[in-house]
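Shown below: data_32.csv, with CSV, C-alpha atoms and all ligand atoms.
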chain,number,residue,atom,x,y,z
A,132,MET,CA,-17.3,-10.6,1.0
A,133,ARG,CA,-13.9,-9.0,0.9
A,134,PRO,CA,-10.4,-10.2,0.0
A,135,PHE,CA,-7.6,-11.2,2.6
A,136,ILE,CA,-5.7,-7.9,3.2
A,137,PHE,CA,-2.1,-7.7,4.4
A,138,VAL,CA,0.1,-4.7,5.0
A,139,ASN,CA,3.8,-4.8,4.2
A,140,LEU,CA,6.1,-2.0,5.2
A,141,ALA,CA,9.7,-1.1,5.9
A,142,MET,CA,10.3,0.9,9.1
A,143,SER,CA,13.5,2.4,10.5
A,144,ALA,CA,14.8,1.3,13.9
A,145,ASP,CA,13.2,4.4,15.3
A,146,GLY,CA,9.8,3.7,13.8
A,147,LYS,CA,9.8,5.9,10.6
A,148,ILE,CA,8.7,4.9,7.1
A,149,SER,CA,10.2,7.9,5.3
A,150,THR,CA,11.9,11.2,6.0
A,151,VAL,CA,10.4,14.5,7.2
A,152,GLN,CA,10.5,15.7,3.6
A,153,ARG,CA,8.6,12.5,2.7
A,154,ARG,CA,11.4,11.3,0.6
A,155,GLN,CA,11.6,7.7,-0.4
A,156,VAL,CA,14.7,6.1,1.2
A,157,LYS,CA,16.2,2.7,1.4
A,158,ILE,CA,15.2,1.2,4.8
A,159,SER,CA,15.4,-2.5,4.2
A,160,GLY,CA,18.2,-4.5,2.4
A,161,LYS,CA,18.5,-6.7,-0.7
A,162,LYS,CA,17.0,-9.9,0.9
A,163,ASP,CA,13.9,-7.9,2.0
A,164,PHE,CA,13.4,-6.4,-1.4
A,165,GLU,CA,13.5,-10.0,-2.8
A,166,ARG,CA,11.0,-11.1,-0.2
A,167,VAL,CA,8.7,-8.2,-1.0
A,168,ASP,CA,8.9,-9.1,-4.7
A,169,ILE,CA,7.7,-12.7,-3.9
A,170,ILE,CA,4.7,-11.7,-1.8
A,171,LYS,CA,3.8,-9.0,-4.4
A,172,ALA,CA,3.9,-11.6,-7.1
A,173,ASP,CA,1.7,-13.8,-5.0
A,174,SER,CA,-1.0,-11.1,-4.6
A,175,ASP,CA,-4.0,-10.4,-6.8
A,176,ALA,CA,-3.8,-6.6,-6.2
A,177,ILE,CA,-1.4,-4.1,-4.6
A,178,ILE,CA,-2.8,-0.9,-3.0
A,179,VAL,CA,-1.2,2.4,-2.2
A,180,GLY,CA,-2.6,5.8,-1.1
A,181,ILE,CA,-2.3,8.9,-3.3
A,182,GLY,CA,0.2,10.3,-0.8
A,183,THR,CA,2.6,7.6,-1.7
A,184,VAL,CA,2.1,8.0,-5.4
A,185,LEU,CA,2.8,11.8,-5.1
A,186,ALA,CA,5.8,11.3,-2.8
A,187,ASP,CA,7.5,8.2,-4.3
A,188,ASN,CA,6.1,7.8,-7.8
A,189,PRO,CA,6.3,4.0,-7.4
A,190,SER,CA,5.7,1.6,-10.2
A,191,LEU,CA,4.7,-1.3,-7.9
A,192,THR,CA,5.7,-3.8,-10.6
A,193,VAL,CA,7.0,-7.3,-9.9
A,194,LYS,CA,10.8,-7.0,-10.4
A,195,SER,CA,12.0,-10.6,-11.0
A,196,SER,CA,11.6,-12.0,-14.5
A,197,GLU,CA,11.2,-15.5,-13.1
A,198,LEU,CA,8.3,-14.4,-10.9
A,199,LYS,CA,6.7,-12.5,-13.8
A,200,SER,CA,7.0,-15.6,-16.0
A,201,LYS,CA,5.5,-17.8,-13.3
A,202,ARG,CA,2.5,-15.5,-13.0
A,203,ILE,CA,1.9,-15.6,-16.8
A,204,LYS,CA,2.3,-19.4,-16.8
A,205,ASN,CA,-0.4,-19.5,-14.2
A,206,GLY,CA,-2.7,-17.5,-16.5
A,207,LYS,CA,-2.3,-14.2,-14.6
A,208,GLU,CA,-1.1,-10.8,-15.8
A,209,GLU,CA,2.6,-10.0,-15.3
A,210,ASN,CA,1.8,-7.7,-12.3
A,211,PRO,CA,-1.0,-7.7,-9.7
A,212,ILE,CA,-3.8,-5.1,-10.3
A,213,ARG,CA,-2.3,-1.8,-9.1
A,214,VAL,CA,-4.9,0.2,-7.1
A,215,VAL,CA,-4.5,3.9,-6.0
A,216,ILE,CA,-6.7,5.2,-3.2
A,217,ASP,CA,-7.3,8.7,-4.6
A,218,SER,CA,-10.5,10.5,-3.6
A,219,LYS,CA,-10.0,13.5,-5.8
A,220,ALA,CA,-8.4,11.8,-8.8
A,221,ARG,CA,-5.1,13.6,-8.2
A,222,THR,CA,-3.0,10.7,-9.7
A,223,PRO,CA,-0.6,12.4,-12.3
A,224,ALA,CA,-1.4,11.1,-15.8
A,225,ASP,CA,2.3,10.5,-16.3
A,226,SER,CA,3.0,8.6,-13.1
A,227,ASP,CA,5.0,5.4,-13.3
A,228,ILE,CA,2.1,3.3,-11.8
A,229,LEU,CA,0.0,4.1,-14.9
A,230,HIS,CA,2.8,3.4,-17.4
A,231,LYS,CA,5.4,0.9,-16.2
A,232,GLY,CA,4.8,-2.8,-16.7
A,233,ASP,CA,1.8,-4.6,-18.0
A,234,GLY,CA,-1.4,-5.2,-16.1
A,235,GLN,CA,-4.6,-3.7,-15.0
A,236,ARG,CA,-4.8,-0.5,-12.9
A,237,ILE,CA,-7.7,0.9,-10.8
A,238,ILE,CA,-8.0,4.4,-9.5
A,239,ALA,CA,-10.4,4.4,-6.5
A,240,VAL,CA,-12.0,7.8,-6.3
A,241,SER,CA,-14.9,9.4,-4.3
A,242,LYS,CA,-17.9,11.3,-5.6
A,243,LYS,CA,-15.9,14.5,-5.1
A,244,ALA,CA,-13.6,13.7,-8.0
A,245,GLU,CA,-13.9,16.0,-11.0
A,246,GLN,CA,-15.3,14.3,-14.1
A,247,GLU,CA,-12.6,15.8,-16.3
A,248,LYS,CA,-9.8,14.2,-14.2
A,249,ILE,CA,-11.7,10.9,-14.1
A,250,GLU,CA,-11.9,10.9,-17.9
A,251,LEU,CA,-8.2,11.5,-18.2
A,252,LEU,CA,-7.2,8.8,-15.8
A,253,ASN,CA,-9.8,6.4,-17.4
A,254,GLU,CA,-7.5,6.2,-20.5
A,255,TYR,CA,-5.0,4.2,-18.3
A,256,ALA,CA,-7.1,2.7,-15.5
A,257,ASP,CA,-10.5,1.5,-14.5
A,258,ILE,CA,-12.2,4.0,-12.1
A,259,VAL,CA,-14.1,2.8,-9.1
A,260,VAL,CA,-16.3,5.4,-7.3
A,261,THR,CA,-17.1,4.9,-3.6
A,262,GLY,CA,-17.7,7.3,-0.7
A,263,GLU,CA,-18.8,11.0,-0.6
A,264,ASP,CA,-15.6,12.9,0.2
A,265,LYS,CA,-13.2,10.1,0.8
A,266,VAL,CA,-12.9,6.6,-0.7
A,267,ASP,CA,-15.1,4.2,1.2
A,268,LEU,CA,-12.5,1.5,1.9
A,269,SER,CA,-15.0,-1.2,2.9
A,270,ALA,CA,-17.1,-0.7,-0.2
A,271,LEU,CA,-13.9,-0.6,-2.4
A,272,MET,CA,-12.8,-4.0,-0.9
A,273,GLU,CA,-16.1,-5.5,-1.8
A,274,ALA,CA,-15.9,-4.1,-5.3
A,275,LEU,CA,-12.4,-5.6,-5.7
A,276,TYR,CA,-13.7,-9.0,-4.6
A,277,GLU,CA,-16.2,-8.7,-7.5
A,278,TYR,CA,-13.1,-8.1,-9.7
A,279,GLY,CA,-11.9,-11.6,-8.6
A,280,VAL,CA,-9.3,-10.2,-6.2
A,281,ARG,CA,-8.8,-12.6,-3.2
A,282,LYS,CA,-5.5,-11.4,-1.8
A,283,ILE,CA,-4.4,-7.8,-1.4
A,284,MET,CA,-1.0,-6.4,-0.4
A,285,VAL,CA,-1.1,-2.8,1.0
A,286,GLU,CA,2.2,-0.9,0.4
A,287,GLY,CA,1.3,2.2,2.4
A,288,GLY,CA,1.5,4.9,3.3
A,289,GLY,CA,0.8,5.7,6.9
A,290,SER,CA,-2.5,7.5,6.5
A,291,LEU,CA,-4.0,4.7,4.4
A,292,ILE,CA,-2.8,2.0,6.8
A,293,GLU,CA,-4.3,3.8,9.8
A,294,SER,CA,-7.7,4.1,8.0
A,295,LEU,CA,-7.6,0.4,7.0
A,296,PHE,CA,-7.0,-0.5,10.7
A,297,LYS,CA,-9.8,1.8,11.8
A,298,GLU,CA,-12.2,0.1,9.4
A,299,ASN,CA,-11.1,-3.3,10.6
A,300,LEU,CA,-9.8,-4.1,7.1
A,301,VAL,CA,-6.3,-5.5,8.0
A,302,ASP,CA,-5.8,-9.2,8.5
A,303,GLU,CA,-2.0,-9.4,8.8
A,304,ILE,CA,0.9,-6.9,9.0
A,305,TYR,CA,4.5,-7.6,8.1
A,306,THR,CA,7.1,-5.0,9.2
A,307,CYS,CA,10.7,-5.1,8.2
A,308,VAL,CA,12.6,-3.1,10.8
A,309,GLY,CA,15.7,-1.8,9.0
A,310,ASN,CA,19.1,-0.9,10.5
A,311,VAL,CA,18.8,2.9,10.1
A,312,ILE,CA,17.6,5.8,12.2
A,313,ILE,CA,15.6,8.4,10.3
A,314,GLY,CA,14.4,10.7,13.0
A,315,GLY,CA,12.2,13.7,12.9
A,316,LYS,CA,8.9,14.0,14.9
A,317,ASN,CA,7.0,14.7,11.7
A,318,ALA,CA,8.4,11.9,9.6
A,319,PRO,CA,5.7,9.4,8.5
A,320,THR,CA,5.1,6.3,10.7
A,321,PRO,CA,3.3,3.1,9.9
A,322,ALA,CA,-0.1,4.4,11.1
A,323,ASP,CA,-0.5,8.1,10.9
A,324,GLY,CA,-3.8,10.1,10.6
A,325,GLU,CA,-5.4,11.0,13.9
A,326,GLY,CA,-4.6,7.7,15.6
A,327,PHE,CA,-6.7,5.7,18.0
A,328,LEU,CA,-7.8,7.9,20.9
A,329,LYS,CA,-9.0,5.2,23.3
A,330,GLU,CA,-6.9,2.3,24.4
A,331,GLU,CA,-9.9,-0.1,24.0
A,332,ASP,CA,-9.9,0.7,20.3
A,333,PHE,CA,-6.2,-0.2,19.7
A,334,PRO,CA,-6.0,-3.1,17.2
A,335,ASN,CA,-4.5,-6.1,19.0
A,336,LEU,CA,-1.9,-8.2,17.2
A,337,LYS,CA,-0.8,-11.8,17.6
A,338,LEU,CA,2.8,-12.5,16.8
A,339,LEU,CA,3.1,-15.0,14.0
A,340,ASP,CA,6.9,-15.0,13.7
A,341,ILE,CA,10.2,-13.1,13.7
A,342,GLU,CA,13.1,-13.6,11.4
A,343,LYS,CA,16.5,-11.9,11.0
A,344,ILE,CA,16.7,-10.4,7.5
A,345,ASP,CA,19.8,-8.5,6.2
A,346,GLU,CA,20.8,-6.4,9.2
A,347,GLY,CA,17.2,-6.0,10.4
A,348,ILE,CA,14.3,-8.1,11.5
A,349,LEU,CA,11.0,-9.1,9.8
A,350,ILE,CA,8.0,-9.3,12.2
A,351,ARG,CA,4.8,-10.9,11.1
A,352,TRP,CA,1.6,-10.2,13.1
A,353,LYS,CA,-2.0,-11.3,12.6
A,354,VAL,CA,-4.8,-9.0,13.7
A,355,VAL,CA,-6.8,-10.4,16.5
A,356,ARG,CA,-10.6,-10.2,16.0
A,357,ASP,CA,-12.9,-10.4,19.1
B,1,LIG,N1,8.7,2.5,4.0
B,1,LIG,C1,7.6,2.0,3.5
B,1,LIG,O1,7.3,0.8,3.5
B,1,LIG,C2,6.7,2.9,2.8
B,1,LIG,C3,6.8,4.3,3.0
B,1,LIG,N2,5.9,5.1,2.4
B,1,LIG,C4,6.0,6.6,2.7
B,1,LIG,O2,4.7,7.1,3.2
B,1,LIG,C5,4.6,8.4,2.8
B,1,LIG,C6,3.2,8.7,2.3
B,1,LIG,O3,2.2,8.4,3.2
B,1,LIG,P1,1.0,9.4,3.4
B,1,LIG,O4,1.4,10.8,3.1
B,1,LIG,O5,0.4,9.0,4.7
B,1,LIG,O6,0.0,9.0,2.2
B,1,LIG,P2,-0.8,7.6,1.8
B,1,LIG,O7,-0.1,6.9,0.8
B,1,LIG,O8,-1.2,6.9,3.0
B,1,LIG,O9,-2.1,8.3,1.1
B,1,LIG,C7,-3.0,9.0,2.0
B,1,LIG,C8,-4.1,9.7,1.1
B,1,LIG,O10,-5.0,8.7,0.6
B,1,LIG,C9,-6.2,9.3,0.3
B,1,LIG,N3,-7.4,8.6,0.9
B,1,LIG,C10,-8.5,8.4,0.2
B,1,LIG,N4,-9.4,7.8,0.9
B,1,LIG,C11,-8.8,7.6,2.1
B,1,LIG,C12,-9.3,6.9,3.3
B,1,LIG,N5,-10.5,6.4,3.4
B,1,LIG,N6,-8.4,6.9,4.3
B,1,LIG,C13,-7.2,7.3,4.2
B,1,LIG,N7,-6.7,8.0,3.1
B,1,LIG,C14,-7.5,8.1,2.1
B,1,LIG,C15,-6.2,10.7,1.0
B,1,LIG,O11,-6.0,11.7,0.0
B,1,LIG,P3,-7.3,12.2,-0.8
B,1,LIG,O12,-8.2,12.7,0.2
B,1,LIG,O13,-6.8,13.2,-1.8
B,1,LIG,O14,-7.8,11.0,-1.5
B,1,LIG,C16,-4.9,10.6,1.9
B,1,LIG,O15,-4.3,11.9,2.1
B,1,LIG,C17,5.7,8.8,1.8
B,1,LIG,O16,6.7,9.5,2.5
B,1,LIG,C18,6.2,7.4,1.4
B,1,LIG,O17,7.6,7.4,1.1
B,1,LIG,C19,4.9,4.7,1.6
B,1,LIG,C20,4.7,3.3,1.4
B,1,LIG,C21,5.6,2.4,2.0
B,2,LIG,N1,10.1,-2.9,1.3
B,2,LIG,C1,10.5,-1.6,1.2
B,2,LIG,N2,11.8,-1.3,1.7
B,2,LIG,C2,12.2,0.0,1.6
B,2,LIG,O1,13.4,0.3,2.1
B,2,LIG,C3,11.4,1.0,1.0
B,2,LIG,N3,11.8,2.3,0.9
B,2,LIG,C4,10.1,0.6,0.5
B,2,LIG,N4,9.3,1.5,0.0
B,2,LIG,C5,8.2,1.2,-0.8
B,2,LIG,O2,8.5,0.7,-2.1
B,2,LIG,C6,7.8,1.4,-3.1
B,2,LIG,C7,8.7,1.4,-4.4
B,2,LIG,O3,8.1,0.7,-5.4
B,2,LIG,P1,8.7,0.5,-6.8
B,2,LIG,O4,10.1,0.0,-6.6
B,2,LIG,O5,8.6,1.8,-7.5
B,2,LIG,O6,7.9,-0.6,-7.4
B,2,LIG,C8,7.6,2.7,-2.5
B,2,LIG,O7,6.6,3.5,-3.0
B,2,LIG,C9,7.3,2.4,-1.1
B,2,LIG,O8,6.0,2.0,-1.0
B,2,LIG,N5,9.7,-0.7,0.6

So that I can check it, write out the structure of this file as structure tokens.
Ligand SMILES: NC(=O)C1=CN([C@@H]2O[C@H](COP(=O)(O)OP(=O)(O)OC[C@H]3O[C@@H](n4cnc5c(N)ncnc54)[C@H](OP(=O)(O)O)[C@@H]3O)[C@@H](O)[C@H]2O)C=CC1
Ligand SMILES: Nc1nc(O)c(N)c(N[C@@H]2O[C@H](COP(=O)(O)O)[C@@H](O)[C@H]2O)n1
Amino acid sequence: MRPFIFVNLAMSADGKISTVQRRQVKISGKKDFERVDIIKADSDAIIVGIGTVLADNPSLTVKSSELKSKRIKNGKEENPIRVVIDSKARTPADSDILHKGDGQRIIAVSKKAEQEKIELLNEYADIVVTGEDKVDLSALMEALYEYGVRKIMVEGGGSLIESLFKENLVDEIYTCVGNVIIGGKNAPTPADGEGFLKEEDFPNLKLLDIEKIDEGILIRWKVVRD
């Protein structure tokens, strides 16, 4: 058994999720940030790849005090469990994700991670070990289900999202297309990595809905399973 997994991302009008220097930039507007806060507060766990932690140093906390209070009233922690996919335990010990806001953290590592690094991170987070060289994403999702996680929000980045699609681990994807052009052929996109080499392997999406948001659009798709 695994949790329901959805991806949420902000993409520029030209299909980029960050700059060529991998700098975090504002792509979506105020309304979208409020929407993201709501779906984050409604999730049991929020996942990012180590690339995003190193590039953006995100906290991934729920921002609205009303939403935090609502979670606590419902017997939950202030923030969803924050999970970093980090095969070699490279998460910096002073990163915001480990220090900002209350709530549980998990660093998902592979068997390649050095014991010393694991012990350091274990001061702030639970460590879940799966996979030989890379985190085994399917096994991790099963382990998260055992933690009681039923709904997961994936915040990126592009390499992690592509792997999740390849392993058939995405149920829905929500893309906010913002009103900026970022450009650059090496700027990150929603699904990086090696990509799908055969057309028959492309994940197919069913459009759930489209909505105007700020000066952009929000598109919600469901992944079609055969
Ligand atoms: N606009 C938006 O909505 C968002 C934009 N971003 C942007 O995305 C960029 C970061 O993306 P990216 O560099 O692709 O990094 P990711 O956050 O996707 O992390 C990728 C890393 O995850 C680790 N990993 C471990 N196991 C796996 C696995 N099974 N499959 C895939 N990855 C695995 C790998 O490192 P290792 O081998 O060391 O474990 C890999 O390099 C930044 O520029 C950031 O600003 C990020 C989030 C949202
Ligand atoms: N929804 C959204 N819109 C944008 O314009 C963005 N740049 C992002 N980026 C993501 O937000 C994370 C920041 O999280 P914290 O504010 O630190 O909690 C960042 O890492 C990107 O994943 N998202």

Tyr276 in chain A surroundings by all atoms listed in the file, 7 Å radius, close-in-sequence under 5 positions cut, as a ChimeraX atom specification:
/A:132-134,281

| Using all atoms listed in the file, which protein or nucleic acid residues are at most 6 Å from ligand LIG 1 (chain B), as a ChimeraX atom specification? | /A:140-142,148-149,153-155,179-183,186-187,216-219,265-268,286-291,294,319

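For Arg236 in chain A, the list of residues within 10 Å, based on all atoms listed in the file and with local chain neighbours fewer than 5 positions off taken out, reads Ala176, Ile177, Asn210, Pro211, Ile212, Arg213, Val214, Val215, Ile228, Leu229, His230, Asn253, Tyr255, Ala256, Asp257 and Ile258 of chain A.
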
Select, counting all atoms listed in the file, all protein, DNA and RNA residues no farther than 9 Å from (-12.0, 8.1, -13.8) in file coordinates, and express the selection as a ChimeraX atom specification. /A:220,237-240,244-254,256-260

Just-selected residues, C-alpha atoms written as a CSV table (one decimal), in the frame of the given file:
chain,number,residue,atom,x,y,z
A,220,ALA,CA,-8.4,11.8,-8.8
A,237,ILE,CA,-7.7,0.9,-10.8
A,238,ILE,CA,-8.0,4.4,-9.5
A,239,ALA,CA,-10.4,4.4,-6.5
A,240,VAL,CA,-12.0,7.8,-6.3
A,244,ALA,CA,-13.6,13.7,-8.0
A,245,GLU,CA,-13.9,16.0,-11.0
A,246,GLN,CA,-15.3,14.3,-14.1
A,247,GLU,CA,-12.6,15.8,-16.3
A,248,LYS,CA,-9.8,14.2,-14.2
A,249,ILE,CA,-11.7,10.9,-14.1
A,250,GLU,CA,-11.9,10.9,-17.9
A,251,LEU,CA,-8.2,11.5,-18.2
A,252,LEU,CA,-7.2,8.8,-15.8
A,253,ASN,CA,-9.8,6.4,-17.4
A,254,GLU,CA,-7.5,6.2,-20.5
A,256,ALA,CA,-7.1,2.7,-15.5
A,257,ASP,CA,-10.5,1.5,-14.5
A,258,ILE,CA,-12.2,4.0,-12.1
A,259,VAL,CA,-14.1,2.8,-9.1
A,260,VAL,CA,-16.3,5.4,-7.3

Expressed in Å, the length from CA of Asp332 in chain A to CA of Tyr305 in chain A is 20.6 Å

Correct to one decimal, the distance CA of Lys231 in chain A-CA of Val193 in chain A is 10.5 Å

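Going from atom O4 of ligand LIG 2 (chain B) to CA of Lys337 in chain A covers 29.0 Å.
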
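Using all atoms listed in the file, the shortest contact distance between Lys282 in chain A and any of A:Asp264, A:Asp302, A:Asp163, A:Asp168 is found at A:Asp302.
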
Could the centre and edge lengths of an axis-aligned box, enclosing all atoms of ligand LIG 2 (chain B) in the file with 4 Å extra on each side, be given in Å to one decimal as lines of an AutoDock Vina configuration file?
center_x = 9.7
center_y = 0.3
center_z = -2.7
size_x = 15.4
size_y = 14.4
size_z = 17.6

Closest of A:Ile348, A:Ile136, A:Ala144, A:Val280 to Thr320 in chain A, counting all atoms listed in the file, is A:Ala144

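Nearest residue to ligand LIG 2 (chain B), choosing from A:Ile292, A:Val355, A:Leu336, A:Ala224 and counting all atoms listed in the file: A:Ile292.
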
Shortest contact to Ser200 in chain A, candidates A:Ala172, A:Gly146, A:Gly326, A:Gly347, atoms counted only C-alpha atoms, goes to A:Ala172

One residue among A:Thr192, A:Ser174, A:Thr150, A:Ser269 is nearest to ligand LIG 2 (chain B) when using all atoms listed in the file, and that residue is A:Thr192

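Candidate residues A:Pro189, A:Gly234, A:Pro223, A:Gly206 were compared for distance to ligand LIG 2 (chain B), and the nearest is A:Pro189, using all atoms listed in the file.
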
Item to complete: May I have the protein, DNA and RNA residues with an atom at most 8 Å from (1.1, -10.6, 9.7), counting all atoms listed in the file in the file's coordinates, returned as a list in words?
Response: Phe137, Val138, Asp302, Glu303, Ile304, Tyr305, Leu338, Leu339, Ile350, Arg351, Trp352, Lys353 and Val354 of chain A

Pick out the residues sitting within 8 Å of Lys161 in chain A, and hand them over as a PyMOL selection string; count all atoms listed in the file, and ignore anything fewer than 3 positions along from it in its own chain. chain A and resi 164-165+345
